[in-house]
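Chemist: Structure supplied as model-v7.cif; contents: mmCIF, C-alpha atoms.
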data_entry
loop_
_atom_site.group_PDB
_atom_site.id
_atom_site.type_symbol
_atom_site.label_atom_id
_atom_site.label_comp_id
_atom_site.auth_asym_id
_atom_site.auth_seq_id
_atom_site.Cartn_x
_atom_site.Cartn_y
_atom_site.Cartn_z
ATOM 1 C CA MET A 4 0.000 0.000 0.000
ATOM 2 C CA SER A 5 1.410 3.395 -0.972
ATOM 3 C CA ASP A 6 1.712 6.300 1.459
ATOM 4 C CA THR A 7 -1.022 8.205 -0.369
ATOM 5 C CA GLU A 8 -3.324 5.196 -0.042
ATOM 6 C CA LYS A 9 -2.543 4.910 3.688
ATOM 7 C CA ILE A 10 -3.719 8.480 4.195
ATOM 8 C CA GLU A 11 -7.179 7.467 3.008
ATOM 9 C CA LYS A 12 -7.397 4.895 5.837
ATOM 10 C CA GLU A 13 -7.374 7.570 8.542
ATOM 11 C CA ALA A 14 -10.622 8.442 10.319
ATOM 12 C CA ASP A 15 -12.787 10.310 7.847
ATOM 13 C CA HIS A 16 -16.115 10.674 9.682
ATOM 14 C CA HIS A 17 -15.780 14.303 10.760
ATOM 15 C CA PRO A 18 -18.023 17.021 9.285
ATOM 16 C CA TYR A 19 -16.730 18.810 6.200
ATOM 17 C CA ARG A 20 -14.263 21.587 6.951
ATOM 18 C CA ARG A 21 -12.828 24.042 4.468
ATOM 19 C CA PRO A 22 -9.031 23.673 4.466
ATOM 20 C CA VAL A 23 -7.120 26.637 5.855
ATOM 21 C CA ASP A 24 -3.868 27.925 4.393
ATOM 22 C CA ALA A 25 -0.794 26.684 6.222
ATOM 23 C CA ALA A 26 2.964 26.582 5.729
ATOM 24 C CA THR A 27 5.668 24.142 6.785
ATOM 25 C CA LEU A 28 9.431 24.651 6.793
ATOM 26 C CA ILE A 29 11.951 21.840 6.278
ATOM 27 C CA LEU A 30 15.409 22.982 7.340
ATOM 28 C CA VAL A 31 18.250 21.056 5.679
ATOM 29 C CA ASP A 32 21.858 20.672 6.790
ATOM 30 C CA ARG A 33 24.017 19.826 3.759
ATOM 31 C CA THR A 34 27.411 20.197 5.451
ATOM 32 C CA VAL A 35 27.590 16.394 5.850
ATOM 33 C CA SER A 36 27.685 13.639 3.218
ATOM 34 C CA THR A 37 24.082 12.600 3.900
ATOM 35 C CA PRO A 38 21.802 15.634 4.271
ATOM 36 C CA LYS A 39 20.033 16.033 7.600
ATOM 37 C CA VAL A 40 16.607 17.553 8.216
ATOM 38 C CA LEU A 41 15.243 19.120 11.381
ATOM 39 C CA VAL A 42 12.242 17.384 12.937
ATOM 40 C CA GLY A 43 10.395 17.966 16.181
ATOM 41 C CA LYS A 44 8.330 15.515 18.235
ATOM 42 C CA ARG A 45 4.824 16.772 18.927
ATOM 43 C CA HIS A 46 3.312 16.655 22.407
ATOM 44 C CA ASP A 47 1.131 13.608 23.061
ATOM 45 C CA ASN A 48 -1.846 15.800 24.008
ATOM 46 C CA VAL A 49 -2.155 17.905 20.834
ATOM 47 C CA VAL A 50 -5.087 17.243 18.478
ATOM 48 C CA PHE A 51 -3.176 17.048 15.203
ATOM 49 C CA MET A 52 -0.644 14.185 14.863
ATOM 50 C CA PRO A 53 0.060 13.687 18.609
ATOM 51 C CA GLY A 54 3.431 12.126 19.409
ATOM 52 C CA LYS A 55 4.570 12.254 15.775
ATOM 53 C CA PHE A 56 7.814 13.651 14.439
ATOM 54 C CA VAL A 57 6.925 16.618 12.243
ATOM 55 C CA PHE A 58 8.423 19.596 10.510
ATOM 56 C CA PRO A 59 7.583 22.950 12.106
ATOM 57 C CA GLY A 60 4.591 24.672 10.586
ATOM 58 C CA GLY A 61 1.083 25.994 11.074
ATOM 59 C CA ARG A 62 -1.687 28.111 9.663
ATOM 60 C CA VAL A 63 -1.208 31.494 8.070
ATOM 61 C CA ASP A 64 -1.889 34.434 10.382
ATOM 62 C CA LYS A 65 -3.795 37.470 9.127
ATOM 63 C CA THR A 66 -0.872 39.712 10.095
ATOM 64 C CA ASP A 67 1.815 37.746 8.217
ATOM 65 C CA ASN A 68 1.487 39.874 5.098
ATOM 66 C CA ARG A 69 2.094 43.095 7.036
ATOM 67 C CA VAL A 70 5.383 42.113 8.657
ATOM 68 C CA PRO A 71 8.421 44.009 7.264
ATOM 69 C CA ILE A 72 10.988 41.683 5.716
ATOM 70 C CA ALA A 73 14.692 41.893 4.908
ATOM 71 C CA ALA A 74 14.196 41.006 1.231
ATOM 72 C CA PRO A 75 11.252 40.198 -1.017
ATOM 73 C CA ILE A 76 10.439 36.592 -1.798
ATOM 74 C CA PRO A 77 12.109 35.505 -5.045
ATOM 75 C CA LYS A 78 9.920 36.142 -8.080
ATOM 76 C CA ALA A 79 10.298 32.515 -9.158
ATOM 77 C CA LEU A 80 9.092 31.351 -5.733
ATOM 78 C CA GLU A 81 6.113 33.677 -5.960
ATOM 79 C CA GLN A 82 5.239 32.249 -9.371
ATOM 80 C CA ASN A 83 5.331 28.702 -7.979
ATOM 81 C CA LEU A 84 3.053 29.719 -5.107
ATOM 82 C CA LEU A 85 0.577 31.292 -7.535
ATOM 83 C CA LYS A 86 0.207 28.049 -9.484
ATOM 84 C CA GLY A 87 -2.688 25.651 -8.920
ATOM 85 C CA SER A 88 -6.246 26.120 -7.716
ATOM 86 C CA PRO A 89 -7.883 27.806 -5.937
ATOM 87 C CA LYS A 90 -5.970 30.851 -7.147
ATOM 88 C CA ILE A 91 -4.312 33.135 -4.621
ATOM 89 C CA THR A 92 -2.922 36.665 -4.776
ATOM 90 C CA ALA A 93 0.723 37.737 -4.633
ATOM 91 C CA SER A 94 0.128 39.069 -1.109
ATOM 92 C CA ARG A 95 -1.185 35.657 -0.059
ATOM 93 C CA ALA A 96 1.896 34.021 -1.551
ATOM 94 C CA ARG A 97 4.041 36.353 0.556
ATOM 95 C CA SER A 98 1.994 35.479 3.633
ATOM 96 C CA LEU A 99 2.601 31.766 3.092
ATOM 97 C CA ALA A 100 6.356 32.206 2.902
ATOM 98 C CA ILE A 101 6.433 34.471 5.954
ATOM 99 C CA ALA A 102 4.190 32.087 7.913
ATOM 100 C CA ALA A 103 6.714 29.286 7.371
ATOM 101 C CA ILE A 104 9.447 31.433 8.927
ATOM 102 C CA ARG A 105 7.250 32.568 11.827
ATOM 103 C CA GLU A 106 6.083 29.052 12.682
ATOM 104 C CA ALA A 107 9.626 27.693 12.583
ATOM 105 C CA CYS A 108 10.821 30.368 14.998
ATOM 106 C CA GLU A 109 7.826 29.889 17.306
ATOM 107 C CA GLU A 110 8.085 26.097 17.452
ATOM 108 C CA THR A 111 11.842 25.516 17.298
ATOM 109 C CA GLY A 112 13.418 28.817 18.340
ATOM 110 C CA LEU A 113 15.345 28.922 15.059
ATOM 111 C CA CYS A 114 14.820 32.179 13.183
ATOM 112 C CA LEU A 115 15.578 32.839 9.527
ATOM 113 C CA GLY A 116 16.439 36.497 9.133
ATOM 114 C CA ARG A 117 19.048 39.138 8.532
ATOM 115 C CA LYS A 118 19.584 42.766 9.297
ATOM 116 C CA GLY A 119 17.446 45.045 7.160
ATOM 117 C CA ASP A 120 18.347 48.384 5.672
ATOM 118 C CA GLY A 121 18.079 51.257 8.145
ATOM 119 C CA ALA A 122 16.708 51.084 11.680
ATOM 120 C CA ALA A 123 15.376 47.796 12.987
ATOM 121 C CA ALA A 124 11.600 47.472 12.882
ATOM 122 C CA GLU A 125 9.660 47.249 16.137
ATOM 123 C CA LEU A 126 8.290 43.736 15.677
ATOM 124 C CA LYS A 127 5.951 42.482 18.373
ATOM 125 C CA GLY A 128 4.229 39.293 19.463
ATOM 126 C CA GLU A 129 5.543 36.177 17.741
ATOM 127 C CA TRP A 130 8.072 38.346 15.899
ATOM 128 C CA LYS A 131 9.670 39.787 19.037
ATOM 129 C CA PRO A 132 12.728 37.445 18.853
ATOM 130 C CA PHE A 133 13.612 38.988 15.493
ATOM 131 C CA CYS A 134 13.379 42.486 16.929
ATOM 132 C CA GLU A 135 15.527 41.574 19.933
ATOM 133 C CA ALA A 136 18.199 40.188 17.605
ATOM 134 C CA GLY A 137 18.034 43.208 15.295
ATOM 135 C CA LEU A 138 16.743 41.067 12.436
ATOM 136 C CA LEU A 139 13.940 41.029 9.900
ATOM 137 C CA PRO A 140 12.500 37.767 8.556
ATOM 138 C CA ASP A 141 14.230 36.756 5.333
ATOM 139 C CA PRO A 142 12.286 34.587 2.849
ATOM 140 C CA SER A 143 14.841 34.960 0.048
ATOM 141 C CA GLY A 144 16.339 31.498 0.667
ATOM 142 C CA LEU A 145 13.060 29.557 0.630
ATOM 143 C CA PHE A 146 12.125 26.958 -1.997
ATOM 144 C CA LEU A 147 8.694 25.411 -2.509
ATOM 145 C CA ILE A 148 8.878 21.600 -2.393
ATOM 146 C CA ALA A 149 5.223 20.532 -2.440
ATOM 147 C CA ARG A 150 1.626 21.464 -1.745
ATOM 148 C CA ALA A 151 -0.877 19.164 -0.035
ATOM 149 C CA ILE A 152 -4.527 19.475 0.973
ATOM 150 C CA THR A 153 -5.849 17.315 3.804
ATOM 151 C CA PRO A 154 -8.647 15.005 2.553
ATOM 152 C CA PRO A 155 -12.244 15.799 3.616
ATOM 153 C CA GLY A 156 -13.612 14.238 6.776
ATOM 154 C CA ARG A 157 -10.524 14.863 8.907
ATOM 155 C CA VAL A 158 -10.728 16.641 12.264
ATOM 156 C CA LEU A 159 -8.492 19.421 10.885
ATOM 157 C CA ARG A 160 -7.871 20.317 7.247
ATOM 158 C CA PHE A 161 -4.974 22.324 5.839
ATOM 159 C CA ASP A 162 -3.916 23.544 2.424
ATOM 160 C CA THR A 163 -0.213 23.350 3.187
ATOM 161 C CA ARG A 164 2.754 24.652 1.241
ATOM 162 C CA PHE A 165 5.960 22.863 2.170
ATOM 163 C CA PHE A 166 9.058 25.035 1.974
ATOM 164 C CA THR A 167 12.694 24.185 2.490
ATOM 165 C CA ALA A 168 15.722 26.293 3.396
ATOM 166 C CA ASP A 169 19.358 25.591 4.128
ATOM 167 C CA ALA A 170 20.417 25.497 7.772
ATOM 168 C CA SER A 171 22.892 28.275 7.007
ATOM 169 C CA SER A 172 19.863 30.596 6.775
ATOM 170 C CA ILE A 173 19.368 30.318 10.541
ATOM 171 C CA ALA A 174 20.429 33.668 11.962
ATOM 172 C CA HIS A 175 19.236 33.487 15.563
ATOM 173 C CA ARG A 176 18.355 30.865 18.178
ATOM 174 C CA VAL A 177 15.822 31.436 20.957
ATOM 175 C CA GLU A 178 16.572 29.313 24.027
ATOM 176 C CA GLY A 179 13.942 27.478 26.050
ATOM 177 C CA VAL A 180 11.413 26.944 23.249
ATOM 178 C CA ILE A 181 11.638 23.141 23.368
ATOM 179 C CA HIS A 182 10.488 21.671 26.705
ATOM 180 C CA PRO A 183 8.130 18.929 28.036
ATOM 181 C CA ASP A 184 5.050 21.175 27.983
ATOM 182 C CA ALA A 185 5.674 22.797 24.599
ATOM 183 C CA GLU A 186 4.004 21.896 21.313
ATOM 184 C CA LEU A 187 7.301 20.284 20.286
ATOM 185 C CA VAL A 188 8.960 18.392 23.131
ATOM 186 C CA GLU A 189 12.077 17.276 21.285
ATOM 187 C CA LEU A 190 14.098 18.644 18.385
ATOM 188 C CA VAL A 191 16.632 16.612 16.384
ATOM 189 C CA TRP A 192 18.626 16.756 13.156
ATOM 190 C CA VAL A 193 18.322 13.381 11.439
ATOM 191 C CA GLU A 194 19.717 11.953 8.229
ATOM 192 C CA ILE A 195 17.240 11.602 5.393
ATOM 193 C CA GLY A 196 16.242 7.935 5.222
ATOM 194 C CA SER A 197 17.102 7.201 8.876
ATOM 195 C CA LYS A 198 14.921 5.324 11.362
ATOM 196 C CA PRO A 199 13.450 8.336 13.240
ATOM 197 C CA LEU A 200 11.789 9.407 9.984
ATOM 198 C CA ALA A 201 10.051 6.058 9.504
ATOM 199 C CA ASP A 202 7.243 7.120 11.860
ATOM 200 C CA LEU A 203 6.424 10.314 9.991
ATOM 201 C CA HIS A 204 2.867 10.923 8.844
ATOM 202 C CA PRO A 205 2.468 9.336 5.370
ATOM 203 C CA MET A 206 1.968 12.686 3.670
ATOM 204 C CA THR A 207 5.008 14.113 5.430
ATOM 205 C CA LYS A 208 7.009 11.151 4.118
ATOM 206 C CA ASN A 209 5.741 11.855 0.610
ATOM 207 C CA VAL A 210 7.007 15.421 0.834
ATOM 208 C CA LEU A 211 10.325 14.341 2.338
ATOM 209 C CA ASN A 212 10.759 11.888 -0.528
ATOM 210 C CA GLU A 213 10.243 14.764 -2.966
ATOM 211 C CA LEU A 214 12.898 16.786 -1.155
ATOM 212 C CA GLU A 215 15.330 13.874 -1.142
ATOM 213 C CA GLN A 216 14.969 13.512 -4.900
ATOM 214 C CA ARG A 217 15.494 17.250 -5.391
ATOM 215 C CA LEU A 218 18.639 17.229 -3.234
ATOM 216 C CA ALA A 219 20.024 14.219 -5.105
ATOM 217 C CA ARG A 220 19.879 16.212 -8.336
ATOM 218 C CA GLY A 221 22.088 18.984 -6.974
ATOM 219 C CA PRO A 222 21.448 22.544 -5.835
ATOM 220 C CA LEU A 223 17.811 23.420 -5.246
ATOM 221 C CA SER A 224 16.088 25.330 -8.015
ATOM 222 C CA HIS A 225 12.775 27.129 -8.419
ATOM 223 C CA ASP A 226 12.506 25.561 -11.872
ATOM 224 C CA ALA A 227 11.859 22.043 -10.537
ATOM 225 C CA PRO A 228 8.280 20.695 -10.834
ATOM 226 C CA VAL A 229 6.245 21.080 -7.634
ATOM 227 C CA PRO A 230 3.911 18.175 -6.744
ATOM 228 C CA PHE A 231 0.380 18.812 -5.517
ATOM 229 C CA PHE A 232 -1.240 16.126 -3.352
ATOM 230 C CA HIS A 233 -5.018 16.415 -3.214
ATOM 231 C CA PHE A 234 -8.112 14.254 -2.870
ATOM 232 C CA TYR A 235 -10.720 13.791 -5.573
ATOM 233 C CA GLY A 236 -12.661 10.959 -7.194
ATOM 234 C CA GLY A 237 -12.434 8.914 -4.011
ATOM 235 C CA ARG A 238 -8.651 8.832 -3.702
ATOM 236 C CA MET A 239 -5.524 10.882 -3.247
ATOM 237 C CA HIS A 240 -3.808 12.159 -6.386
ATOM 238 C CA LYS A 241 -0.383 13.559 -7.087
ATOM 239 C CA ASP A 242 -0.392 16.190 -9.815
ATOM 240 C CA MET A 243 2.131 18.851 -10.712
ATOM 241 C CA LEU A 244 1.321 22.502 -10.103
ATOM 242 C CA ALA A 245 0.799 24.411 -13.297
#
Now that the file is in, can you turn its structure into C-alpha cells?
Modeler:
Amino acid sequence: MSDTEKIEKEADHHPYRRPVDAATLILVDRTVSTPKVLVGKRHDNVVFMPGKFVFPGGRVDKTDNRVPIAAPIPKALEQNLLKGSPKITASRARSLAIAAIREACEETGLCLGRKGDGAAAELKGEWKPFCEAGLLPDPSGLFLIARAITPPGRVLRFDTRFFTADASSIAHRVEGVIHPDAELVELVWVEIGSKPLADLHPMTKNVLNELEQRLARGPLSHDAPVPFFHFYGGRMHKDMLA
C-alpha cells in the first residue's frame, strides 16, 4: 500500500471543513555527506498528529502579510506559489512564505532572518525574537517543495505549502522553546532515510521523498516541478502545479 493510499485509511467521519492555508518549513543541513533535516516531536496531548515527528509549521496568520521583511520573496518562488487552484494573490503568496518562517521560529526557536536596511523594525508578538536580535524575517532562501490538501472528513484540514531552506539561513536561536510542555517536546537533526523518519505521517514522508529527490539532483532550483497532493474521485492524487 502506498503512502497516499494509507492516508485514506485515517478516520474520515468528521463534518466537512474548508481547508485553511498553512505553511511548513523543512530545514536542511548539507554540510555532511548525507543531508540532515530538522524534525520535532509533537506533544502527546495535541489534536493534530500527537506524538509524531513533524516539521515545524502551522496556519497562516492574518498579520503575516504586514510584517516588514529583509528582502522580497524571489519572483520565481512567488510564481510557484501562484500556481494551482484555488488561485491566490501575490500578497497571499508572501503570507505563506512568511508564515513558514514565523512558525519555525515559534516552534523551534530557530529564526531565519538578517539585518534590514536602516533602523530595525519594532516587531511584536511572535516576531519579538527577530526584533531583539536586530533582524527582519528573510524569505529569500526559501524553496517550494510541495503542496498538499488534507482530505475531507478529517478533524483538521490544511492547504499546506511545504518550503525548504538551508540550515545556514538560521540567523538566531531562541533558548527554552523546546520543553516537556511545549508543542514540540524534542528537536533533532536526522539523516534523510534514517529510522526516526520512519514514523512520519504518510503525507510528510511523501514530501520528504520529494525533497530527497530534489537534493540528489544537486542545488535546489525554483525551476523544478512542484507536486500537488489532493483528494478527488475517491482517492488521493499527485499532480504537478501548473
Chemist: Expressed in Å to a single decimal, how great is the separation between atom CA of A:Leu138 and atom CA of A:Asp162?
Modeler: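 Interatomic distance, atom CA of A:Leu138 to atom CA of A:Asp162: 28.9 Å.
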Chemist: To verify the selection step, state as a list in words which residues the PyMOL selection byres ((chain A and resi 71-73) around 6) yields on this input.
Modeler: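 That expression, the PyMOL selection byres ((chain A and resi 71-73) around 6), corresponds here to Val70, Ala74, Gly119, Leu139, Pro140 and Asp141 of chain A.
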Chemist: Using all atoms listed in the file for the distances, tell me which of A:Val23, A:Leu218, A:Ile181, A:Leu126 is nearest to A:Ser36.
Modeler: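 Among the listed residues, the smallest separation from A:Ser36 belongs to A:Leu218.
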Chemist: Pick from A:Pro38, A:Gly43, A:Pro230, A:Pro22: nearest to A:Leu147, with only C-alpha atoms counted?
Modeler: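 The answer is A:Pro230, which sits nearest to A:Leu147.
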Chemist: Pick out the closest residue to A:Thr27 from this set: A:Gly137, A:Pro89, A:Gly112, A:Pro59. Count only C-alpha atoms.
Modeler: A:Pro59
Chemist: Choose the residue, out of A:Leu115, A:Ala151, A:Cys134, A:Ile29, that has the smallest atom-to-atom separation from A:Thr163; count all atoms listed in the file.
Modeler: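 Checking each candidate against A:Thr163, we get A:Ala151 as the closest.
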Chemist: I'd like the interatomic distance between atom CA of A:Arg157 and atom CA of A:His240, to a tenth of an Å.
Modeler: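 Here the two named atoms are 16.9 Å from each other.
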Chemist: So, with all atoms listed in the file as the atoms that count, which of A:Pro77, A:Pro228, A:Gly116, A:Pro155 lies closest to A:Ala136?
Modeler: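 Comparing A:Pro77, A:Pro228, A:Gly116, A:Pro155 against A:Ala136, the winner is A:Gly116.
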Chemist: How would you write as a PDB file with C-alpha atoms, keeping the file's coordinate frame the residues that get within 8 Å of (10.6, 28.1, -1.4) in the file's frame, counting only C-alpha atoms?
Modeler:
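Listing of selection-v2.pdb after writing:
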ATOM      1  CA  LEU A  80       9.092  31.351  -5.733  1.00  0.00           C
ATOM      2  CA  ALA A 100       6.356  32.206   2.902  1.00  0.00           C
ATOM      3  CA  PRO A 142      12.286  34.587   2.849  1.00  0.00           C
ATOM      4  CA  GLY A 144      16.339  31.498   0.667  1.00  0.00           C
ATOM      5  CA  LEU A 145      13.060  29.557   0.630  1.00  0.00           C
ATOM      6  CA  PHE A 146      12.125  26.958  -1.997  1.00  0.00           C
ATOM      7  CA  LEU A 147       8.694  25.411  -2.509  1.00  0.00           C
ATOM      8  CA  ILE A 148       8.878  21.600  -2.393  1.00  0.00           C
ATOM      9  CA  PHE A 165       5.960  22.863   2.170  1.00  0.00           C
ATOM     10  CA  PHE A 166       9.058  25.035   1.974  1.00  0.00           C
ATOM     11  CA  THR A 167      12.694  24.185   2.490  1.00  0.00           C
ATOM     12  CA  ALA A 168      15.722  26.293   3.396  1.00  0.00           C
ATOM     13  CA  HIS A 225      12.775  27.129  -8.419  1.00  0.00           C
TER      14      HIS A 225
END
Chemist: Work out how far atom CA of A:Ser197 is from atom CA of A:His233, in Å to one decimal.
Modeler: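 Distance between the two atoms: 26.8 Å.
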Chemist: Given the file shown, determine the residues that the PyMOL selection byres ((chain A and resi 229) around 10) selects; report them as a count of residues only.
Modeler: 20
Chemist: So, counting all atoms listed in the file, which residue among A:Gln82, A:Val40, A:Thr66, A:Arg45 is closest to A:Lys127?
Modeler: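 Residue with the minimum atom-to-atom distance to A:Lys127: A:Thr66.
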Chemist: Do a neighbour search on A:Cys114 at 10 Å with only C-alpha atoms, toss out local chain neighbours closer than 5 positions, and write the hits as number ranges by chain.
Modeler: A: 104-109, 130, 132-133, 136, 138-141, 172-177
Chemist: Just to be explicit: take each residue in the selection above, keep C-alpha atoms, and write the result as a PDB file, in the frame of the given file.
Modeler:
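Generated file (part-v9.pdb):
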ATOM      1  CA  ILE A 104       9.447  31.433   8.927  1.00  0.00           C
ATOM      2  CA  ARG A 105       7.250  32.568  11.827  1.00  0.00           C
ATOM      3  CA  GLU A 106       6.083  29.052  12.682  1.00  0.00           C
ATOM      4  CA  ALA A 107       9.626  27.693  12.583  1.00  0.00           C
ATOM      5  CA  CYS A 108      10.821  30.368  14.998  1.00  0.00           C
ATOM      6  CA  GLU A 109       7.826  29.889  17.306  1.00  0.00           C
ATOM      7  CA  TRP A 130       8.072  38.346  15.899  1.00  0.00           C
ATOM      8  CA  PRO A 132      12.728  37.445  18.853  1.00  0.00           C
ATOM      9  CA  PHE A 133      13.612  38.988  15.493  1.00  0.00           C
ATOM     10  CA  ALA A 136      18.199  40.188  17.605  1.00  0.00           C
ATOM     11  CA  LEU A 138      16.743  41.067  12.436  1.00  0.00           C
ATOM     12  CA  LEU A 139      13.940  41.029   9.900  1.00  0.00           C
ATOM     13  CA  PRO A 140      12.500  37.767   8.556  1.00  0.00           C
ATOM     14  CA  ASP A 141      14.230  36.756   5.333  1.00  0.00           C
ATOM     15  CA  SER A 172      19.863  30.596   6.775  1.00  0.00           C
ATOM     16  CA  ILE A 173      19.368  30.318  10.541  1.00  0.00           C
ATOM     17  CA  ALA A 174      20.429  33.668  11.962  1.00  0.00           C
ATOM     18  CA  HIS A 175      19.236  33.487  15.563  1.00  0.00           C
ATOM     19  CA  ARG A 176      18.355  30.865  18.178  1.00  0.00           C
ATOM     20  CA  VAL A 177      15.822  31.436  20.957  1.00  0.00           C
TER      21      VAL A 177
END
Chemist: Within 10 Å of A:Arg95, counting all atoms listed in the file, which residues qualify if same-chain residues fewer than 6 places away don't, as a list in words?
Modeler: Asp24, Val63, Lys65, Asp67, Asn68, Glu81, Leu84, Leu85 and Ile101 of chain A
Chemist: Hey, what comes out of the PyMOL selection byres ((chain A and resi 31) around 6) on this file? Could you write it as JSON, numbers by chain?
Modeler: {"A": [30, 32, 39, 40, 169, 170]}
Chemist: Residues near A:Phe56, anyone? I mean within 9 Å using only C-alpha atoms, not counting same-chain ones fewer than 6 positions away, as a list in words.
Modeler: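 Using only C-alpha atoms, the neighbours found are Val42, Gly43, Lys44, Arg45, Leu187, Glu189, Leu190, Pro199, Leu200, Asp202, Leu203 and His204 of chain A.
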